[in-house]
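With mmCIF, C-alpha atoms inside, this is model22.cif:
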data_coords
#
loop_
_atom_site.label_atom_id
_atom_site.label_comp_id
_atom_site.auth_asym_id
_atom_site.auth_seq_id
_atom_site.Cartn_x
_atom_site.Cartn_y
_atom_site.Cartn_z
CA MET A 963 19.85 -58.19 -5.05
CA ALA A 964 19.59 -54.86 -3.20
CA SER A 965 16.39 -54.33 -1.26
CA SER A 966 14.24 -51.31 -2.08
CA SER A 967 14.28 -48.42 0.40
CA PRO A 968 11.33 -48.36 2.84
CA ARG A 969 8.46 -46.06 1.99
CA LYS A 970 7.90 -42.97 4.08
CA GLN A 971 5.06 -43.26 6.57
CA CYS A 972 1.88 -41.21 6.07
CA GLU A 973 2.29 -37.75 7.66
CA LYS A 974 -0.63 -38.47 9.99
CA GLY A 975 1.97 -40.29 12.10
CA ASP A 976 0.66 -42.37 14.95
CA ASP A 977 -2.88 -41.87 13.69
CA CYS A 978 -2.08 -43.81 10.52
CA LYS A 979 0.15 -46.85 9.97
CA GLN A 980 -0.12 -46.74 6.18
CA ALA A 981 2.75 -45.86 3.88
CA GLY A 982 2.77 -42.43 2.28
CA ILE A 983 2.23 -42.74 -1.49
CA ALA A 984 0.82 -39.32 -2.46
CA HIS A 985 2.89 -36.13 -2.20
CA CYS A 986 1.42 -32.62 -1.88
CA ALA A 987 3.44 -30.01 -3.78
CA GLY A 988 2.03 -27.23 -1.58
CA CYS A 989 2.75 -28.33 2.01
CA LEU A 990 5.43 -30.88 0.89
CA GLN A 991 3.87 -33.65 2.98
CA THR A 992 3.28 -37.26 1.96
CA PHE A 993 0.02 -39.10 2.73
CA CYS A 994 -1.63 -42.43 2.27
CA THR A 995 -4.52 -42.51 -0.19
CA LYS A 996 -7.22 -41.95 2.42
CA HIS A 997 -5.51 -39.04 4.16
CA PHE A 998 -4.44 -37.47 0.87
CA ASN A 999 -8.11 -37.38 -0.13
CA ASP A 1000 -8.92 -35.86 3.27
CA HIS A 1001 -6.17 -33.30 2.72
CA ARG A 1002 -7.58 -32.30 -0.69
CA TYR A 1003 -11.05 -32.07 0.83
CA SER A 1004 -9.80 -29.64 3.49
CA LEU A 1005 -8.16 -27.51 0.78
CA ASN A 1006 -11.43 -27.47 -1.17
CA GLU A 1007 -13.24 -26.34 1.98
CA GLU A 1008 -10.73 -23.51 2.35
CA LEU A 1009 -11.30 -22.51 -1.28
CA ASN A 1010 -15.06 -22.52 -0.66
CA THR A 1011 -14.48 -20.14 2.27
CA ILE A 1012 -12.63 -17.76 -0.05
CA PHE A 1013 -15.56 -17.98 -2.50
CA SER A 1014 -17.91 -17.10 0.36
CA ASP A 1015 -15.75 -14.10 1.33
CA TYR A 1016 -15.69 -13.09 -2.33
CA ASN A 1017 -19.49 -13.12 -2.52
CA ASP A 1018 -19.75 -11.08 0.71
CA PHE A 1019 -17.30 -8.51 -0.63
CA LYS A 1020 -19.12 -8.36 -3.97
CA SER A 1021 -22.32 -7.41 -2.11
CA ILE A 1022 -20.45 -4.66 -0.22
CA LEU A 1023 -19.00 -3.34 -3.47
CA ILE A 1024 -22.46 -3.18 -5.05
CA GLU A 1025 -23.71 -1.20 -2.06
CA GLU A 1026 -20.79 1.23 -2.34
CA SER A 1027 -21.39 1.81 -6.06
CA SER A 1028 -25.12 2.44 -5.56
CA ASN A 1029 -24.88 4.56 -2.40
CA PRO A 1030 -21.41 6.13 -1.98
CA ASN A 1031 -20.56 7.62 1.40
CA ILE A 1032 -20.17 11.18 0.10
CA ALA A 1033 -22.64 13.16 2.22
CA SER A 1034 -19.94 15.03 4.12
CA ALA A 1035 -18.10 16.05 0.97
CA ILE A 1036 -21.32 17.12 -0.77
CA GLN A 1037 -22.20 19.27 2.24
CA GLN A 1038 -18.79 20.96 2.14
CA ILE A 1039 -19.25 21.66 -1.55
CA HIS A 1040 -22.77 22.98 -0.90
CA ASP A 1041 -21.63 25.31 1.92
CA TRP A 1042 -18.78 26.59 -0.23
CA GLU A 1043 -21.21 27.20 -3.08
CA ILE A 1044 -23.62 29.25 -0.92
CA LYS A 1045 -20.85 31.47 0.47
CA THR A 1046 -19.50 32.39 -2.94
CA ILE A 1047 -22.91 32.43 -4.74
CA GLU A 1048 -22.69 32.79 -8.51
CA LYS A 1049 -18.90 32.95 -8.67
CA ILE A 1050 -18.50 29.31 -7.66
CA GLN A 1051 -21.57 27.67 -9.24
CA HIS A 1052 -19.63 26.62 -12.31
CA LYS A 1053 -16.79 25.30 -10.12
CA ALA A 1054 -19.26 23.41 -7.92
CA ALA A 1055 -20.67 21.63 -10.97
CA GLU A 1056 -17.14 20.67 -12.01
CA LEU A 1057 -16.39 19.32 -8.54
CA GLN A 1058 -19.55 17.23 -8.37
CA HIS A 1059 -18.76 15.75 -11.77
CA GLU A 1060 -15.18 15.03 -10.67
CA LEU A 1061 -16.40 13.44 -7.45
CA SER A 1062 -18.74 11.13 -9.37
CA ARG A 1063 -15.93 10.24 -11.74
CA LEU A 1064 -13.56 9.41 -8.88
CA ILE A 1065 -16.17 7.23 -7.18
CA ASP A 1066 -16.96 5.49 -10.48
CA ASP A 1067 -13.26 4.96 -11.24
CA HIS A 1068 -12.66 3.66 -7.73
CA THR A 1069 -15.57 1.22 -7.95
CA LYS A 1070 -14.63 0.16 -11.48
CA ASP A 1071 -11.03 -0.48 -10.44
CA LEU A 1072 -12.12 -2.65 -7.51
CA SER A 1073 -14.68 -4.45 -9.68
CA GLU A 1074 -12.06 -5.27 -12.33
CA LYS A 1075 -9.65 -6.60 -9.72
CA LEU A 1076 -12.45 -8.58 -8.09
CA HIS A 1077 -13.47 -10.04 -11.46
CA SER A 1078 -9.88 -11.06 -12.18
CA LEU A 1079 -9.70 -12.76 -8.79
CA ALA A 1080 -12.99 -14.55 -9.47
CA GLU A 1081 -11.63 -15.95 -12.75
CA GLN A 1082 -8.53 -17.24 -10.98
CA LEU A 1083 -10.62 -18.87 -8.24
CA GLN A 1084 -13.05 -20.44 -10.72
CA LYS A 1085 -10.26 -21.77 -12.95
CA ALA A 1086 -8.42 -23.23 -9.98
CA LYS A 1087 -11.55 -24.94 -8.68
CA GLU A 1088 -12.55 -26.36 -12.06
CA GLN A 1089 -9.06 -27.73 -12.74
CA ASP A 1090 -8.41 -28.69 -9.12
CA ASP A 1091 -5.10 -26.86 -9.59
CA PHE A 1092 -4.20 -25.01 -6.41
CA ILE A 1093 -2.05 -25.43 -3.34
CA GLU A 1094 -1.55 -23.65 -0.02
CA THR A 1095 0.55 -20.87 -1.52
CA ASN A 1096 -2.25 -20.08 -4.00
CA LEU A 1097 -4.80 -19.91 -1.18
CA GLY A 1098 -2.56 -17.59 0.80
CA HIS A 1099 -2.11 -15.30 -2.22
CA TRP A 1100 -5.86 -15.19 -2.91
CA LYS A 1101 -6.66 -14.46 0.74
CA LYS A 1102 -4.17 -11.60 0.78
CA LYS A 1103 -5.57 -10.17 -2.47
CA LEU A 1104 -9.16 -10.37 -1.20
CA ASP A 1105 -8.17 -8.80 2.15
CA TYR A 1106 -6.56 -5.90 0.29
CA LEU A 1107 -9.64 -5.33 -1.88
CA ARG A 1108 -11.93 -5.59 1.14
CA SER A 1109 -9.84 -3.11 3.13
CA ASN A 1110 -10.52 -0.39 0.56
CA VAL A 1111 -14.25 -0.66 1.29
CA ILE A 1112 -14.51 -1.78 4.92
CA LEU A 1113 -11.97 0.92 5.85
CA PRO A 1114 -13.95 3.67 4.10
CA THR A 1115 -12.36 5.75 1.39
CA THR A 1116 -12.12 9.32 2.66
CA ILE A 1117 -13.02 12.19 0.40
CA PHE A 1118 -10.67 15.12 0.93
CA ILE A 1119 -11.48 18.68 -0.11
CA ASN A 1120 -8.27 20.56 -0.84
CA GLN A 1121 -8.89 24.33 -0.56
CA ASN A 1122 -6.37 26.91 -1.72
CA ASP A 1123 -6.85 30.16 0.24
CA ASN A 1124 -4.23 32.06 -1.77
CA ILE A 1125 -6.71 32.81 -4.58
CA PRO A 1126 -8.77 35.97 -3.80
CA LEU A 1127 -12.57 36.07 -3.58
CA VAL A 1128 -13.11 32.47 -4.57
CA SER A 1129 -10.99 29.73 -3.09
CA ASP A 1130 -9.93 27.14 -5.63
CA VAL A 1131 -10.79 23.62 -4.52
CA SER A 1132 -10.20 20.09 -5.74
CA ILE A 1133 -11.24 16.60 -4.71
CA SER A 1134 -9.07 13.61 -3.90
CA LEU A 1135 -9.91 10.15 -2.60
CA LEU A 1136 -7.86 9.40 0.51
CA GLN A 1137 -7.26 5.65 0.37
CA THR A 1138 -7.26 4.27 3.91
CA GLY A 1139 -6.77 0.57 3.16
CA HIS A 1140 -3.49 -1.29 3.59
CA GLU A 1141 -0.55 0.80 2.40
CA LEU A 1142 1.25 -0.77 -0.57
CA PHE A 1143 3.94 0.39 -2.96
CA ASP A 1144 2.67 1.78 -6.25
CA TYR A 1145 4.30 1.18 -9.62
CA PRO A 1146 7.84 2.66 -9.75
CA LEU A 1147 8.92 5.31 -12.24
CA ASP A 1148 11.15 2.89 -14.18
CA ASN A 1149 12.72 -0.55 -14.13
CA ASP A 1150 15.41 0.43 -11.63
CA VAL A 1151 13.03 -0.68 -8.88
CA ARG A 1152 10.91 -3.84 -8.76
CA ILE A 1153 7.74 -4.21 -6.69
CA GLU A 1154 7.24 -7.68 -5.16
CA GLU A 1155 4.85 -9.64 -2.92
CA ASP A 1156 1.67 -7.89 -4.09
CA GLY A 1157 3.06 -4.42 -3.39
CA GLU A 1158 4.48 -5.06 0.07
CA VAL A 1159 8.18 -5.04 -0.97
CA ALA A 1160 10.31 -2.69 -3.09
CA VAL A 1161 13.72 -3.85 -4.37
CA ALA A 1162 16.37 -1.80 -6.20
CA VAL A 1163 17.40 -3.87 -9.22
CA ASN A 1164 20.16 -1.55 -10.43
CA TYR A 1165 22.50 1.03 -8.98
CA ILE A 1166 20.36 4.15 -9.33
CA THR A 1167 22.44 7.24 -10.09
CA ARG A 1168 19.46 9.64 -10.14
CA TYR A 1169 17.77 8.56 -6.90
CA SER A 1170 14.54 7.29 -8.45
CA GLY A 1171 11.64 7.22 -5.98
CA ILE A 1172 8.78 4.85 -5.21
CA ARG A 1173 5.49 6.02 -3.75
CA GLY A 1174 2.79 4.39 -1.70
CA LYS A 1175 -0.70 3.91 -3.10
CA ASN A 1176 -2.51 5.75 -0.30
CA PHE A 1177 -3.25 9.48 -0.01
CA TYR A 1178 -3.12 11.24 3.37
CA GLY A 1179 -4.76 14.55 4.28
CA VAL A 1180 -6.61 14.23 7.59
CA GLY A 1181 -5.86 13.06 11.13
CA LEU A 1182 -2.78 11.21 12.37
CA GLN A 1183 -1.65 8.42 10.03
CA LYS A 1184 0.88 5.65 10.69
CA ILE A 1185 3.12 3.76 8.24
CA THR A 1186 5.51 1.01 9.36
CA LEU A 1187 8.41 -0.31 7.26
CA LYS A 1188 11.20 -2.85 7.70
CA ILE A 1189 14.68 -2.39 6.26
CA GLU A 1190 15.74 -5.63 4.54
CA HIS A 1191 18.96 -4.52 2.82
CA PRO A 1192 21.78 -7.11 2.84
CA ARG A 1193 23.99 -4.34 4.28
CA SER A 1194 23.81 -0.64 5.15
CA GLN A 1195 22.70 1.19 1.98
CA TRP A 1196 21.50 4.68 1.01
CA THR A 1197 17.81 5.00 1.90
CA PHE A 1198 15.31 7.86 2.06
CA LEU A 1199 11.96 7.72 3.87
CA GLY A 1200 9.41 10.52 3.89
CA ILE A 1201 6.51 12.08 1.99
CA GLN A 1202 5.76 14.01 -1.18
CA SER A 1203 2.64 15.80 -2.37
CA LYS A 1204 0.38 13.82 -4.70
CA SER A 1205 0.11 16.95 -6.84
CA ILE A 1206 3.77 16.60 -7.89
CA PRO A 1207 4.34 13.88 -10.53
CA ILE A 1208 6.93 11.26 -9.57
CA GLN A 1209 10.22 12.02 -11.29
CA LYS A 1210 13.93 11.32 -11.46
CA ALA A 1211 16.03 13.20 -8.88
CA SER A 1212 12.90 13.50 -6.74
CA TYR A 1213 15.07 14.48 -3.76
CA LEU A 1214 15.37 17.96 -5.36
CA SER A 1215 11.59 18.54 -5.30
CA LYS A 1216 10.32 21.27 -2.97
CA SER A 1217 7.45 18.99 -1.96
CA LEU A 1218 9.78 16.25 -0.65
CA TYR A 1219 10.14 15.97 3.14
CA GLY A 1220 11.97 13.27 5.07
CA TRP A 1221 15.26 11.73 6.11
CA CYS A 1222 18.05 9.58 4.64
CA ASN A 1223 20.34 7.28 6.57
CA LYS A 1224 23.43 9.24 5.55
CA ASN A 1225 22.34 11.68 8.28
CA TYR A 1226 20.63 14.23 6.02
CA ILE A 1227 17.27 15.98 6.34
CA TYR A 1228 15.31 16.91 3.19
CA SER A 1229 12.78 19.75 2.93
CA ASN A 1230 11.79 22.61 0.59
CA GLY A 1231 13.97 21.37 -2.27
CA SER A 1232 17.21 21.23 -0.30
CA TYR A 1233 18.97 19.01 2.21
CA GLN A 1234 21.11 19.67 5.23
CA SER A 1235 23.15 17.65 7.67
CA ASN A 1236 21.41 16.44 10.79
CA LYS A 1237 22.93 18.51 13.60
CA THR A 1238 21.25 16.75 16.52
CA ASN A 1239 23.02 14.31 18.81
CA THR A 1240 20.90 11.47 17.39
CA PRO A 1241 22.26 10.22 14.04
CA ILE A 1242 19.71 9.07 11.47
CA GLN A 1243 20.00 5.29 11.21
CA MET A 1244 18.17 2.76 9.01
CA ASN A 1245 20.12 -0.47 9.37
CA THR A 1246 19.31 -4.00 8.23
CA ASN A 1247 16.23 -5.40 10.06
CA ASP A 1248 15.38 -2.03 11.62
CA ILE A 1249 11.67 -1.29 12.00
CA ILE A 1250 10.86 2.30 11.05
CA THR A 1251 7.53 3.99 11.84
CA LEU A 1252 6.38 7.17 10.11
CA PHE A 1253 3.65 9.30 11.68
CA LEU A 1254 1.92 11.78 9.36
CA ASN A 1255 0.32 14.45 11.54
CA CYS A 1256 -1.87 16.16 8.96
CA GLU A 1257 -3.64 18.43 11.44
CA ASN A 1258 -0.36 19.93 12.72
CA ARG A 1259 1.37 19.64 9.33
CA LYS A 1260 4.26 17.66 10.68
CA ILE A 1261 5.86 14.25 10.08
CA VAL A 1262 7.67 12.11 12.67
CA MET A 1263 10.02 9.15 12.14
CA ILE A 1264 10.84 6.66 14.89
CA ASN A 1265 13.39 3.84 14.69
CA GLU A 1266 11.72 1.15 16.81
CA MET A 1267 15.04 -0.65 17.37
CA ASN A 1268 16.91 2.18 19.14
CA PHE A 1269 13.90 4.47 19.85
CA SER A 1270 15.48 7.44 18.08
CA LYS A 1271 12.89 10.04 17.05
CA TYR A 1272 12.97 12.78 14.41
CA GLU A 1273 10.40 15.49 13.66
CA LEU A 1274 9.97 17.69 10.61
CA GLU A 1275 7.46 20.48 9.99
CA VAL A 1276 5.91 20.56 6.52
CA ASP A 1277 5.30 23.77 4.56
CA ILE A 1278 1.85 23.17 3.12
CA ASN A 1279 2.52 25.69 0.33
CA ASN A 1280 5.36 23.52 -0.99
CA CYS A 1281 3.81 20.18 -0.07
CA PRO A 1282 0.00 20.54 -0.30
CA PHE A 1283 -2.37 17.77 0.72
CA PRO A 1284 -2.86 14.98 0.00
CA TRP A 1285 0.51 13.46 0.89
CA GLN A 1286 1.95 10.15 -0.26
CA LEU A 1287 4.62 7.90 1.21
CA HIS A 1288 7.87 8.44 -0.72
CA VAL A 1289 10.83 6.04 -0.59
CA ILE A 1290 14.15 6.29 -2.44
CA LEU A 1291 16.40 3.23 -2.82
CA ARG A 1292 19.65 4.08 -4.56
CA GLU A 1293 21.92 1.02 -4.35
CA GLN A 1294 21.48 -2.37 -6.01
CA HIS A 1295 19.76 -5.03 -3.85
CA SER A 1296 18.36 -2.42 -1.46
CA ARG A 1297 15.09 -3.82 -0.16
CA ILE A 1298 12.32 -2.41 2.03
CA ARG A 1299 9.05 -3.93 3.23
CA LEU A 1300 5.74 -2.36 4.29
CA LEU A 1301 4.35 -3.92 7.47
CA PRO A 1302 0.71 -4.02 8.60
CA THR A 1303 -0.22 -1.33 11.13
#

Would you write out, as structure tokens, the structure that this file holds?
Amino acid sequence: MASSSPRKQCEKGDDCKQAGIAHCAGCLQTFCTKHFNDHRYSLNEELNTIFSDYNDFKSILIEESSNPNIASAIQQIHDWEIKTIEKIQHKAAELQHELSRLIDDHTKDLSEKLHSLAEQLQKAKEQDDFIETNLGHWKKKLDYLRSNVILPTTIFINQNDNIPLVSDVSISLLQTGHELFDYPLDNDVRIEEDGEVAVAVNYITRYSGIRGKNFYGVGLQKITLKIEHPRSQWTFLGIQSKSIPIQKASYLSKSLYGWCNKNYIYSNGSYQSNKTNTPIQMNTNDIITLFLNCENRKIVMINEMNFSKYELEVDINNCPFPWQLHVILREQHSRIRLLPT
């Protein structure tokens, strides 16, 4: 009669001589009864920490909704109103209403996402149904929500000086949290890993674009990406004005500025061959950094692998603030990742 195979020892190793009888589907380790219970206890403690972070963030969100940091923007609106007297009073009222709406929408959006996260946490705790990968996902989601408050949302006043007598103005919220990919125009591109990765599902004949969630209009901003294509594939990196709706054939838009790895430069609705001695390269595993110099109205791209650098001035009439990250993936299985900065 064949003997049964020996049981695997508890993962505690030399600290435990007992056989492993309980397997964790999250970390894929096997424990004896005592150490499995200890393992579950440690996971519960980690979940309790997430609950504590959730409660802290909820308090911050309540403070933001009751006392938004809008003093600077209100002062700009007030100064603008005084200078133009009666001609802008109606516009000022519209702007203040729009500002309140944006703040309310922003707070409501965060509250809804926070509520959804709370339901997931509560359900997981009640059913004792969670593993390490769930905890990692919840931490990442909470960090993203927190970043939109702890890194304050900037209120940007966009003034158009081309209109005589009274300058037309509008208000935008400049999101300064972690940059993530927004929803694509169609199903040709899939967003993965909570917005950190964009993947081309099909061969895209019309160069469909994907934008970032954040809006940029002040200071010097930095965005870092990693090329994860299985091979060299057509890729565009750059910016487009938020005021221009995302569309098919976005590379033809006058508000599109940037570079593609076929050695072309895009600006003002046209493209031209790169005539410098430094070819534009975006190869597999390359790290690409974009600098958005809003004060000087210029964007810079640096390939961190070969230190090649490219600069492009932006015509603010064609590409008004705020700007958004704009990526185009044309070929199937093209893949690009946003990295923390």

> Could you write out as a ChimeraX atom specification the residues that the PyMOL selection byres ((chain A and resi 1153-1168) around 10) matches in the shown file?
Replying inline: /A:1099,1102-1103,1106,1140-1146,1149-1152,1169-1175,1187-1188,1190-1191,1209-1213,1289-1302

> Mind telling me what the PyMOL selection byres ((chain A and resi 1105) around 12) catches here, as a count of residues only?
Replying inline: 26

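Atom CA of Lys1260 of chain A sits 4.3 Å away from atom CA of Glu1275 of chain A.
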
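Going from atom CA of Asn1247 of chain A over to atom CA of Tyr1219 of chain A, you cover 23.3 Å.
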
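The space between atom CA of Asp1000 of chain A and atom CA of Ser1078 of chain A spans 29.2 Å.
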
>> Could you list, as a ChimeraX atom specification, every residue matched by the PyMOL selection byres ((chain A and resi 1255) around 9) in this structure?
In response: /A:1179-1184,1253-1254,1256-1262

Cut-off 8 Å around (19.2, 4.5, 4.1) with all atoms listed in the file: residues as a short mmCIF file (atom, residue, chain, number, x, y, z; two decimals) with C-alpha atoms, in the frame of the given file:
data_model
loop_
_atom_site.label_atom_id
_atom_site.label_comp_id
_atom_site.auth_asym_id
_atom_site.auth_seq_id
_atom_site.Cartn_x
_atom_site.Cartn_y
_atom_site.Cartn_z
CA SER A 1194 23.81 -0.64 5.15
CA GLN A 1195 22.70 1.19 1.98
CA TRP A 1196 21.50 4.68 1.01
CA THR A 1197 17.81 5.00 1.90
CA PHE A 1198 15.31 7.86 2.06
CA LEU A 1199 11.96 7.72 3.87
CA CYS A 1222 18.05 9.58 4.64
CA ASN A 1223 20.34 7.28 6.57
CA LYS A 1224 23.43 9.24 5.55
CA GLN A 1243 20.00 5.29 11.21
CA MET A 1244 18.17 2.76 9.01
CA ASN A 1245 20.12 -0.47 9.37
CA LEU A 1291 16.40 3.23 -2.82
#

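Shortest separation to Ile1133 of chain A among A:Asn1236, A:Asn999, A:Gln1038, A:Thr1303 occurs at residue A:Gln1038, atoms counted being all atoms listed in the file.
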
> Any idea what's packed within 10 Å of Glu1008 of chain A, counting only C-alpha atoms, ignoring anything in its chain fewer than 6 positions away? Could you give it as a PyMOL selection string?
Replying inline: chain A and resi 1002+1014+1094+1097
